[in-house]
Each structure stands twice: as structure tokens, then as C-alpha cells.
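Single-structure report; data block below.
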Amino acid sequence: MFREFKEFAVRGNVVDMAVGIIIGGAFGTIVSSLVNDILMPPIGLLMGGVDFSDIFLVLKGEGPYATLADATAAGAVTLNIGVFVNNVISFLIVALAVFMLVKGINRLRRQQAAAPTAPTAPPEDILLLREIRDSLARRAEEP
């Protein structure tokens, strides 16, 4: 059973999947940073200097809170609208990147499939049979 598991675990598809998951996790971190550190600050600035991650509604708790961190520290129950919007934007960026990757791979596959393949040489026995056939045809033509 261990041998079968080892064969399964080192099979190419499983290793490729593991590499994809690791790279996907790193890509997710990059996208989160892009959204939180690059895209959302200018959008918040355009909206009057609002930190997008601090857009929230207090469902249960005492008094107004300046930031989501303050509300969370006070134990308030909040509806985190800004965090949700950040996550939606992150998802859209990841979905676009995956779409572009799959589109590129499909284009390469189409090009590869459209490329003409050289005809394979006939096997040795077929060549030999053709020589015999041609030789017999020549003998039959001789007077």
C-alpha cells in the first residue's frame, strides 16, 4: 500500500498540482497586496480620504468607532463592507489572471495542433514488401 501511495504521490500530475497550489498561494498574497496597498488607497482618496478597509457598520456595540480595529477590540459586532469589497476586487484580479493564463495556453495548444506533422516513415517490413512488389512487376513486364 505504501508503494502504491508513493507511485501516486510522485506521479507528474500530483507534483504539478502541488507546484500550482504553492504558486497560487504566493500569487494570492501578491494580489492582496496589490488591492490593499496600491488600488484601494487612491480609490479611498477619491472618496474623500476614506480607508476602504475601515468601511463598516456596527450591528451591536457601544458608541461610534473610528476604525474597524477599534470596533473589533471593543468586541462590537460589525458588518465589514470595505473588507468585503477588497476581497471582491482581489477575486476579480485573480479571475482575470487565470482567464488570461488559460486563454494563452489554449492559443498555444491550437497552434500546436494546427502545425502540420511530418508523415512518419513506413515500417521496414512495408518497405521490403514494396520492393518485392516492384521487382515482381518489373519481371512481369520483361519479355
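Scheme for the C-alpha cells: letters A, B, ... for chains in order shown; per-chain residue numbers from 1; ligand numbers from 1 in order shown.
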
Where in segment 97-139 of chain A does DSSP assign alpha helix (DSSP H), given as number ranges by chain? A: 97-114, 124-139

Test item: residues at most 9 Å from Ala76 of chain A, only C-alpha atoms, excluding those fewer than 4 positions along its chain, as a list in words: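 Final neighbour list, sorted by chain and number: Val58, Leu59, Lys60, Gly61, Glu62, Asp70, Ala71 and Thr72 of chain A.
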
Deliver the residues from the most recent selection as a file, using N, CA, C and O atoms, as an mmCIF file, in the first residue's frame.
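And here is the file that came out, part.cif:
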```cif
data_model
loop_
_atom_site.group_PDB
_atom_site.id
_atom_site.type_symbol
_atom_site.label_atom_id
_atom_site.label_comp_id
_atom_site.auth_asym_id
_atom_site.auth_seq_id
_atom_site.Cartn_x
_atom_site.Cartn_y
_atom_site.Cartn_z
ATOM 1 N N VAL A 58 -21.758 49.090 12.423
ATOM 2 C CA VAL A 58 -21.809 48.468 13.744
ATOM 3 C C VAL A 58 -23.203 47.889 13.935
ATOM 4 O O VAL A 58 -24.199 48.607 13.879
ATOM 5 N N LEU A 59 -23.276 46.573 14.103
ATOM 6 C CA LEU A 59 -24.561 45.916 14.328
ATOM 7 C C LEU A 59 -24.905 45.862 15.813
ATOM 8 O O LEU A 59 -26.058 45.986 16.200
ATOM 9 N N LYS A 60 -23.873 45.665 16.632
ATOM 10 C CA LYS A 60 -24.095 45.592 18.079
ATOM 11 C C LYS A 60 -22.831 46.084 18.765
ATOM 12 O O LYS A 60 -21.743 45.559 18.533
ATOM 13 N N GLY A 61 -22.973 47.103 19.569
ATOM 14 C CA GLY A 61 -21.824 47.636 20.287
ATOM 15 C C GLY A 61 -22.093 49.051 20.745
ATOM 16 O O GLY A 61 -23.020 49.715 20.276
ATOM 17 N N GLU A 62 -21.269 49.529 21.644
ATOM 18 C CA GLU A 62 -21.434 50.858 22.227
ATOM 19 C C GLU A 62 -20.657 51.899 21.421
ATOM 20 O O GLU A 62 -19.500 51.710 21.096
ATOM 21 N N ASP A 70 -10.616 49.325 16.079
ATOM 22 C CA ASP A 70 -11.168 49.806 17.356
ATOM 23 C C ASP A 70 -12.459 49.064 17.698
ATOM 24 O O ASP A 70 -12.673 48.671 18.841
ATOM 25 N N ALA A 71 -13.313 48.891 16.685
ATOM 26 C CA ALA A 71 -14.581 48.196 16.909
ATOM 27 C C ALA A 71 -14.344 46.747 17.304
ATOM 28 O O ALA A 71 -14.998 46.222 18.207
ATOM 29 N N THR A 72 -13.412 46.095 16.633
ATOM 30 C CA THR A 72 -13.102 44.697 16.944
ATOM 31 C C THR A 72 -12.515 44.569 18.337
ATOM 32 O O THR A 72 -12.866 43.660 19.087
#
```

Top pick for closest residue to Ala97 of chain A, considering A:Ala66, A:Ile81, A:Val19, A:Val31 and counting only C-alpha atoms: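 Checking each candidate against Ala97 of chain A, we get A:Val31 as the closest.
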
Select, from A:Arg133, A:Glu142, A:Phe91, A:Leu57, the residue with the minimum atom-to-atom distance to Val35 of chain A, counting only C-alpha atoms.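 Looking only at the distances to Val35 of chain A, the closest residue turns out to be A:Phe91.
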
What is the atom CA of Asn13 of chain A-atom CA of Val102 of chain A distance in Å, reported with one decimal? 17.2 Å

Need to verify the contact set: Gly82 of chain A, 8 Å, only C-alpha atoms, exclusion of same-chain residues closer than 6 positions in sequence. Can you return it as a ChimeraX atom specification? /A:52-56

Include N, CA and C atoms and write out the residues we just selected as a PDB file, in the first residue's frame.
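Listing of part_26.pdb after writing:
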```
ATOM      1  N   PHE A  52     -10.592  52.288   2.802  1.00  0.00           N
ATOM      2  CA  PHE A  52     -11.647  51.379   2.366  1.00  0.00           C
ATOM      3  C   PHE A  52     -11.844  50.222   3.333  1.00  0.00           C
ATOM      4  N   SER A  53     -10.766  49.741   3.934  1.00  0.00           N
ATOM      5  CA  SER A  53     -10.903  48.600   4.843  1.00  0.00           C
ATOM      6  C   SER A  53     -11.618  48.997   6.135  1.00  0.00           C
ATOM      7  N   ASP A  54     -11.750  50.290   6.372  1.00  0.00           N
ATOM      8  CA  ASP A  54     -12.442  50.755   7.578  1.00  0.00           C
ATOM      9  C   ASP A  54     -13.896  51.157   7.310  1.00  0.00           C
ATOM     10  N   ILE A  55     -14.447  50.755   6.182  1.00  0.00           N
ATOM     11  CA  ILE A  55     -15.869  50.995   5.944  1.00  0.00           C
ATOM     12  C   ILE A  55     -16.628  49.817   6.552  1.00  0.00           C
ATOM     13  N   PHE A  56     -17.408  50.105   7.575  1.00  0.00           N
ATOM     14  CA  PHE A  56     -18.121  49.046   8.287  1.00  0.00           C
ATOM     15  C   PHE A  56     -19.357  49.624   8.941  1.00  0.00           C
TER      16      PHE A  56
END
```

Interatomic distance, atom CA of Leu129 of chain A to atom CA of Thr117 of chain A (Å, one decimal): 25.4 Å

Ranking A:Met17, A:Ile38, A:Glu4, A:Gly24 by minimum distance to Ala95 of chain A and counting only C-alpha atoms, which one comes first?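 The closest residue to Ala95 of chain A is A:Gly24.
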